[in-house]
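Containing compact mmCIF, C-alpha atoms: work-v2.txt.
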```
# COMPACT_ATOMS: atom_id res chain seq x y z
CA LEU A 117 82.93 99.62 113.21
CA THR A 118 81.38 99.56 116.66
CA THR A 119 81.23 96.38 118.75
CA GLY A 120 77.54 96.01 117.95
CA ALA A 121 78.21 96.35 114.22
CA PHE A 122 80.95 93.73 114.37
CA ASN A 123 78.57 91.36 116.19
CA ALA A 124 75.96 91.84 113.47
CA LEU A 125 78.61 91.19 110.82
CA LEU A 126 79.69 88.06 112.67
CA LYS A 127 76.18 86.56 112.43
CA THR A 128 76.13 87.28 108.70
CA LEU A 129 79.53 85.66 108.23
CA GLU A 130 78.49 82.57 110.15
CA GLU A 131 75.36 82.07 108.04
CA PRO A 132 76.08 83.69 104.67
CA PRO A 133 73.74 83.44 101.69
CA SER A 134 74.89 80.73 99.27
CA HIS A 135 75.24 83.23 96.42
CA ALA A 136 77.34 85.80 98.35
CA ILE A 137 81.08 86.21 98.83
CA PHE A 138 82.24 88.89 101.27
CA ILE A 139 85.52 90.73 100.59
CA LEU A 140 86.67 92.88 103.49
CA ALA A 141 89.53 95.35 103.02
CA THR A 142 91.31 97.37 105.70
CA THR A 143 94.59 99.09 106.42
CA GLU A 144 94.16 98.41 110.15
CA PRO A 145 93.77 94.64 110.59
CA HIS A 146 94.73 94.89 114.27
CA LYS A 147 91.38 96.58 114.96
CA ILE A 148 89.34 93.64 113.67
CA PRO A 149 88.11 91.32 116.45
CA ALA A 150 89.53 87.80 116.58
CA THR A 151 86.02 86.39 116.14
CA ILE A 152 85.83 88.00 112.70
CA MET A 153 89.43 87.19 111.70
CA SER A 154 88.98 83.51 112.54
CA ARG A 155 86.16 83.24 110.01
CA CYS A 156 88.05 84.88 107.15
CA GLN A 157 90.92 84.03 104.85
CA ARG A 158 93.55 86.73 105.23
CA PHE A 159 95.66 88.03 102.35
CA ASP A 160 98.29 90.70 103.06
CA PHE A 161 99.07 92.97 100.11
CA LYS A 162 102.64 94.25 99.88
CA ARG A 163 104.25 97.07 97.97
CA ILE A 164 105.12 96.23 94.36
CA PRO A 165 108.80 96.78 93.42
CA ASN A 166 109.42 99.77 91.16
CA GLU A 167 110.90 97.55 88.44
CA LYS A 168 107.67 95.56 88.15
CA ILE A 169 105.57 98.71 88.11
CA VAL A 170 107.69 100.16 85.29
CA LEU A 171 107.38 96.93 83.28
CA ARG A 172 103.60 97.06 83.61
CA LEU A 173 103.47 100.74 82.66
CA LYS A 174 105.65 100.03 79.61
CA TYR A 175 103.25 97.27 78.59
CA ILE A 176 100.26 99.60 78.93
CA ALA A 177 102.04 102.32 76.97
CA GLU A 178 102.88 99.89 74.15
CA GLN A 179 99.34 98.49 73.98
CA GLU A 180 97.81 101.99 73.91
CA ASN A 181 100.48 103.46 71.57
CA LEU A 182 101.50 106.05 74.17
CA SER A 183 104.71 108.06 73.92
CA VAL A 184 106.25 108.27 77.39
CA ASP A 185 109.92 108.60 78.41
CA GLU A 186 111.27 105.70 80.47
CA GLU A 187 112.61 108.20 83.02
CA ALA A 188 109.05 109.46 83.50
CA LEU A 189 107.83 105.90 84.13
CA TYR A 190 110.46 105.37 86.82
CA GLU A 191 109.46 108.65 88.46
CA ILE A 192 105.80 107.57 88.43
CA ALA A 193 106.78 104.30 90.10
CA ARG A 194 108.80 106.14 92.76
CA ILE A 195 105.98 108.58 93.52
CA SER A 196 103.40 105.77 93.71
CA ASP A 197 105.38 104.07 96.50
CA GLY A 198 104.58 100.51 95.46
CA GLY A 199 100.96 101.09 94.43
CA MET A 200 100.04 99.82 90.97
CA ARG A 201 96.64 101.55 90.95
CA ASP A 202 98.22 104.93 91.74
CA SER A 203 100.88 104.34 89.06
CA ILE A 204 98.31 103.63 86.36
CA SER A 205 96.24 106.62 87.48
CA LEU A 206 99.29 108.90 87.21
CA LEU A 207 100.13 107.48 83.78
CA ASP A 208 96.59 108.25 82.64
CA GLN A 209 96.88 111.83 83.90
CA LEU A 210 100.31 112.18 82.30
CA VAL A 211 99.26 111.22 78.77
CA SER A 212 96.15 113.41 79.07
CA TYR A 213 98.40 116.34 80.03
CA ASN A 214 100.95 115.67 77.29
CA PRO A 215 99.85 113.07 74.72
CA VAL A 216 102.77 113.74 72.36
CA ASN A 217 105.95 112.94 74.29
CA ALA A 218 105.42 112.89 78.06
CA ASN A 219 108.58 113.36 80.15
CA ILE A 220 109.65 113.60 83.77
CA ASP A 221 108.95 117.35 83.96
CA ASP A 222 105.35 116.65 83.03
CA VAL A 223 105.16 114.09 85.85
CA HIS A 224 106.20 116.70 88.40
CA GLU A 225 103.82 119.22 86.87
CA ILE A 226 100.73 117.03 87.28
CA ASN A 227 101.82 115.69 90.67
CA GLY A 228 102.62 119.07 92.19
CA SER A 229 106.13 117.89 93.14
CA LEU A 230 109.68 118.95 92.27
CA SER A 231 112.50 117.29 90.37
CA ASN A 232 115.66 116.30 92.24
CA LYS A 233 117.55 119.15 90.57
CA ARG A 234 115.03 121.69 91.85
CA LEU A 235 115.00 120.10 95.30
CA LYS A 236 118.79 120.28 95.42
CA ALA A 237 118.75 123.99 94.57
CA PHE A 238 116.08 124.62 97.21
CA ILE A 239 117.96 122.70 99.92
CA THR A 240 121.17 124.48 98.93
CA ASN A 241 119.51 127.82 99.69
CA ILE A 242 118.41 126.48 103.08
CA LEU A 243 121.90 125.21 103.94
CA ASN A 244 123.41 128.53 102.83
CA LYS A 245 120.94 130.34 105.16
CA ASP A 246 119.72 132.31 102.11
CA ILE A 247 116.31 133.11 103.59
CA THR A 248 115.36 135.58 100.84
CA ASN A 249 115.68 133.02 98.06
CA VAL A 250 114.03 130.34 100.22
CA LEU A 251 110.95 132.50 100.76
CA ASN A 252 110.92 133.51 97.09
CA ASP A 253 110.99 129.81 96.17
CA ILE A 254 108.03 129.12 98.46
CA ASP A 255 106.05 131.93 96.81
CA GLU A 256 106.93 130.52 93.39
CA PHE A 257 105.84 127.00 94.33
CA TYR A 258 102.57 128.22 95.80
CA SER A 259 101.81 130.51 92.85
CA ASN A 260 102.45 127.65 90.40
CA GLY A 261 100.02 125.40 92.23
CA LYS A 262 102.65 123.10 93.73
CA SER A 263 101.66 121.04 96.74
CA LEU A 264 103.66 122.36 99.68
CA ILE A 265 102.91 119.15 101.57
CA LYS A 266 104.37 117.04 98.77
CA ILE A 267 107.35 119.36 98.51
CA THR A 268 108.02 119.04 102.24
CA GLU A 269 107.75 115.25 102.03
CA SER A 270 110.08 115.26 99.01
CA ILE A 271 112.64 117.34 100.92
CA ILE A 272 112.57 114.85 103.81
CA ASN A 273 113.00 111.94 101.39
CA PHE A 274 115.85 113.75 99.60
CA LEU A 275 117.69 114.41 102.86
CA LYS A 276 117.20 110.81 103.97
CA ASN A 277 118.83 109.68 100.73
CA VAL A 278 121.75 112.01 101.47
CA LEU A 279 122.20 110.22 104.80
CA LEU A 280 121.94 106.84 103.06
CA LEU A 281 124.67 107.94 100.67
CA LYS A 282 126.91 108.60 103.65
CA VAL A 283 126.28 105.32 105.48
CA SER A 284 125.68 102.92 102.56
CA ARG A 285 126.37 104.10 99.04
CA ASP A 286 125.71 100.66 97.51
CA TYR A 287 122.27 100.42 99.11
CA LEU A 288 121.28 103.84 97.75
CA LEU A 289 122.50 102.89 94.27
CA SER A 290 120.22 99.87 94.40
CA LYS A 291 117.24 102.16 95.04
CA VAL A 292 117.90 105.16 92.76
CA ASP A 293 119.46 105.61 89.35
CA GLU A 294 121.24 108.95 89.88
CA ILE A 295 123.05 110.09 93.03
CA SER A 296 124.99 113.16 91.84
CA ASP A 297 122.49 115.59 93.43
CA TYR A 298 122.79 113.81 96.77
CA GLU A 299 126.60 113.88 96.54
CA GLU A 300 126.62 117.66 96.06
CA VAL A 301 124.43 118.26 99.12
CA LEU A 302 126.53 115.87 101.21
CA LYS A 303 129.61 117.97 100.44
CA MET A 304 127.87 121.09 101.74
CA ALA A 305 126.57 119.90 105.11
CA SER A 306 127.51 117.70 108.03
CA ILE A 307 125.51 114.67 109.08
CA GLU A 308 124.38 116.60 112.17
CA GLN A 309 123.00 119.45 110.05
CA ILE A 310 121.15 117.10 107.70
CA THR A 311 119.69 115.14 110.63
CA GLU A 312 118.54 118.37 112.28
CA LEU A 313 116.87 119.51 109.07
CA ILE A 314 114.99 116.22 108.76
CA THR A 315 113.84 116.56 112.37
CA LYS A 316 112.59 120.12 111.86
CA PHE A 317 110.71 119.24 108.65
CA ASN A 318 109.13 116.21 110.33
CA ASN A 319 108.01 118.35 113.26
CA GLU A 320 106.40 120.93 110.99
CA ILE A 321 104.72 118.69 108.41
CA ASN A 322 101.70 117.85 110.60
CA ASP A 323 101.00 121.56 111.10
CA ILE A 324 101.31 122.09 107.35
CA LYS A 325 98.78 119.31 106.65
CA ILE A 326 96.08 120.66 108.96
CA SER A 327 96.60 124.33 108.14
CA THR A 328 94.31 126.10 105.66
CA SER A 329 97.38 128.01 104.50
CA PRO A 330 100.64 126.11 105.04
CA ILE A 331 102.87 128.99 103.93
CA PRO A 332 103.22 130.58 107.42
CA PHE A 333 104.46 127.29 108.85
CA LEU A 334 107.09 126.88 106.12
CA GLU A 335 108.15 130.50 106.47
CA LYS A 336 108.47 130.04 110.24
CA LEU A 337 110.56 126.93 109.71
CA PHE A 338 112.97 128.56 107.28
CA LYS A 339 113.27 131.73 109.35
CA PHE A 340 114.04 129.51 112.30
CA ILE A 341 116.77 127.67 110.35
CA SER A 342 118.27 130.88 109.00
CA SER A 343 118.44 132.29 112.53
CA ILE A 344 120.81 129.57 113.73
CA LYS A 345 123.85 131.15 112.10
CA LEU A 346 123.23 134.53 113.75
CA PHE A 347 122.47 132.97 117.10
CA LEU A 348 125.70 130.94 117.08
CA LYS A 349 127.62 134.21 116.98
CA MET A 350 125.90 135.19 120.20
CA ILE A 351 126.22 131.88 122.03
CA SER A 352 129.82 132.40 123.15
CA ASN A 353 128.80 135.50 125.12
CA LEU A 354 125.62 133.97 126.51
CA THR A 355 125.22 134.23 130.28
CA LEU A 356 122.31 133.85 132.66
CA SER A 357 122.21 137.60 133.18
CA ASN A 358 121.67 138.53 129.53
CA ILE A 359 119.47 135.63 128.38
CA LYS A 360 116.27 137.58 129.00
CA SER A 361 117.40 140.53 126.92
CA TYR A 362 118.38 138.21 124.04
CA LYS A 363 115.02 136.49 124.30
CA ASP A 364 113.10 139.76 124.01
CA SER A 365 115.18 141.27 121.22
CA PHE A 366 116.10 138.24 119.13
CA ILE A 367 113.20 135.80 118.95
CA SER A 368 109.74 135.18 120.35
CA SER A 369 109.40 133.27 123.60
CA THR A 370 107.63 130.43 121.74
CA ASN A 371 110.76 129.43 119.83
CA PHE A 372 113.51 130.84 122.01
CA PHE A 373 114.31 127.83 124.15
CA SER A 374 114.19 125.32 121.30
CA LEU A 375 116.56 127.59 119.37
CA LEU A 376 118.80 127.91 122.41
CA PHE A 377 119.22 124.16 122.80
CA LEU A 378 119.56 123.65 119.05
CA ALA A 379 122.32 126.26 118.92
CA SER A 380 124.04 124.84 121.98
CA ASP A 381 123.99 121.39 120.35
CA TYR A 382 125.64 122.74 117.22
CA SER A 383 128.31 124.53 119.21
CA ARG A 384 128.79 121.45 121.42
CA ALA A 385 128.21 123.68 124.46
CA TYR A 386 125.34 122.07 126.34
CA ILE A 387 123.54 124.63 128.47
CA LEU A 388 120.83 124.16 131.05
CA VAL A 389 118.85 127.32 131.67
CA SER A 390 116.08 128.01 134.16
CA ILE A 391 114.24 131.33 134.18
```
Once more with this new file: its structure as structure tokens, please.
Amino acid sequence: LTTGAFNALLKTLEEPPSHAIFILATTEPHKIPATIMSRCQRFDFKRIPNEKIVLRLKYIAEQENLSVDEEALYEIARISDGGMRDSISLLDQLVSYNPVNANIDDVHEINGSLSNKRLKAFITNILNKDITNVLNDIDEFYSNGKSLIKITESIINFLKNVLLLKVSRDYLLSKVDEISDYEEVLKMASIEQITELITKFNNEINDIKISTSPIPFLEKLFKFISSIKLFLKMISNLTLSNIKSYKDSFISSTNFFSLLFLASDYSRAYILVSI
């Protein structure tokens, strides 16, 4: 609201009609003037724990005679990120999609996301620098109507859990039921590689969100990642005299320097270049 609008609201709050109760809701309370806040009772809503969400969903399912796997309910709670309204909405969509015996695969189907098993296979292809299968996977996801934004967010969350497994196994076990997929990925990659992947996905996700077609951004990202292995073979022979020729023949000028410093970080050979 503008300052003038807030001032008009303030007059209404100071002299409200006897029959009216005003309920104001916002996700940005810091933007509300102190003059308004001082005349209101403030209630901060917090995320609901997954266990409580699952209990409520079980109760709804029992009352409505719905057949839903418990694993699917836990996945709904995880996706909803502490929101009861979103959880109930997803449950409603789930039983409409499969009223007989809804399971976790159905949850991912209606949400446009991927299961942990599928995410693990996808990340494995990335870590193995298998760019052909990575791009084929992207085409498959897009053709099947999957949300590439949700997939990217899921990959970031998966990789963060892999890091949590490394630094605090007990904490991760308190948050998830199954960690075998995370353990397999942790065996394949170093902490530095996983951290770098998270950084690259985080950098690209904003472009994916605002793009009318996010596929080019994902393809660019995975081509960029797959190029690291080839570039590391070249880094030992890299000199100031041949940098320009590598730049022209290997990669576009837009990404060349970021790739150079990324590669030099992986090889532990820190290089400062000025052209």
I'd like the neighbourhood of Asp160 in chain A as a PDB file with C-alpha atoms, in the coordinates of the input, where a residue qualifies if any of its atoms comes within 12 Å (using all atoms listed in the file), though same-chain residues fewer than 6 positions away should be ignored.
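Output file selection_34.pdb follows:
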```pdb
ATOM      1  CA  LEU A 140      86.670  92.880 103.490  1.00  0.00           C
ATOM      2  CA  ALA A 141      89.530  95.350 103.020  1.00  0.00           C
ATOM      3  CA  THR A 142      91.310  97.370 105.700  1.00  0.00           C
ATOM      4  CA  THR A 143      94.590  99.090 106.420  1.00  0.00           C
ATOM      5  CA  GLU A 144      94.160  98.410 110.150  1.00  0.00           C
ATOM      6  CA  PRO A 145      93.770  94.640 110.590  1.00  0.00           C
TER       7      PRO A 145
END
```
What would the list of residues within 9 Å of (105.8, 118.5, 96.6) (file frame) look like as number ranges by chain, if all atoms listed in the file are what count? A: 224, 227-230, 257, 262-271
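For Ser296 in chain A, the residues within 10 Å (counting all atoms listed in the file, excluding itself and residues fewer than 4 positions away along the chain) are Asn232, Lys233, Glu300, Val301 and Leu302 of chain A.
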Using CA of Ser183 in chain A and CA of Asp197 in chain A as the two end points, give the distance in Å to one decimal.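 Computing it gives 22.9 Å between the two atoms.
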May I have a table of the residues of range 152-250 of chain A lying at most 10 Å from range 273-281 of chain A, giving each one's closest pair of atoms and their distance in Å to one decimal, counting all atoms listed in the file, ordered by chain and ascending residue number, as a tab-separated table?
```
residue	atom	partner	partner_atom	distance
A:Asn232	CA	A:Phe274	CA	7.8
A:Leu235	CA	A:Phe274	CA	7.7
A:Lys236	CA	A:Phe274	CA	8.3
A:Ile239	CA	A:Leu275	CA	8.8
```
Select, from A:Glu256, A:Glu299, A:Asp202, A:Glu191, the residue with the minimum atom-to-atom distance to Asn166 in chain A, counting all atoms listed in the file. A:Glu191
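You can rank A:Ile176, A:Ala124, A:Leu210, A:Cys156 by their closest distance to Glu225 in chain A using all atoms listed in the file, and at the top of that list sits A:Leu210.
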Show me, as a Markdown table, the residues of range 287-308 of chain A having an atom within 10 Å of range 312-323 of chain A, each with the closest atom pair and its distance in Å, using only C-alpha atoms.
```
| residue | atom | partner | partner_atom | distance |
| --- | --- | --- | --- | --- |
| A:Ser306 | CA | A:Glu312 | CA | 9.9 |
| A:Ile307 | CA | A:Glu312 | CA | 8.5 |
| A:Glu308 | CA | A:Glu312 | CA | 6.1 |
```
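One distance worth recording is that between CA of Ser231 in chain A and CA of Lys162 in chain A, which is 26.8 Å.
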Measuring atom to atom with all atoms listed in the file, identify which of A:Ile195, A:Val170, A:Ile272, A:Ile139 is nearest to Arg158 in chain A.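 The closest residue to Arg158 in chain A is A:Ile139.
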In Å, how far is it from CA of Lys282 in chain A to CA of Tyr190 in chain A?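 One can read the CA of Lys282 in chain A to CA of Tyr190 in chain A distance as 23.8 Å.
Nearest residue to Leu171 in chain A among A:Ala150, A:Ser284, A:Tyr213, A:Ile204 is A:Ile204, counting all atoms listed in the file.
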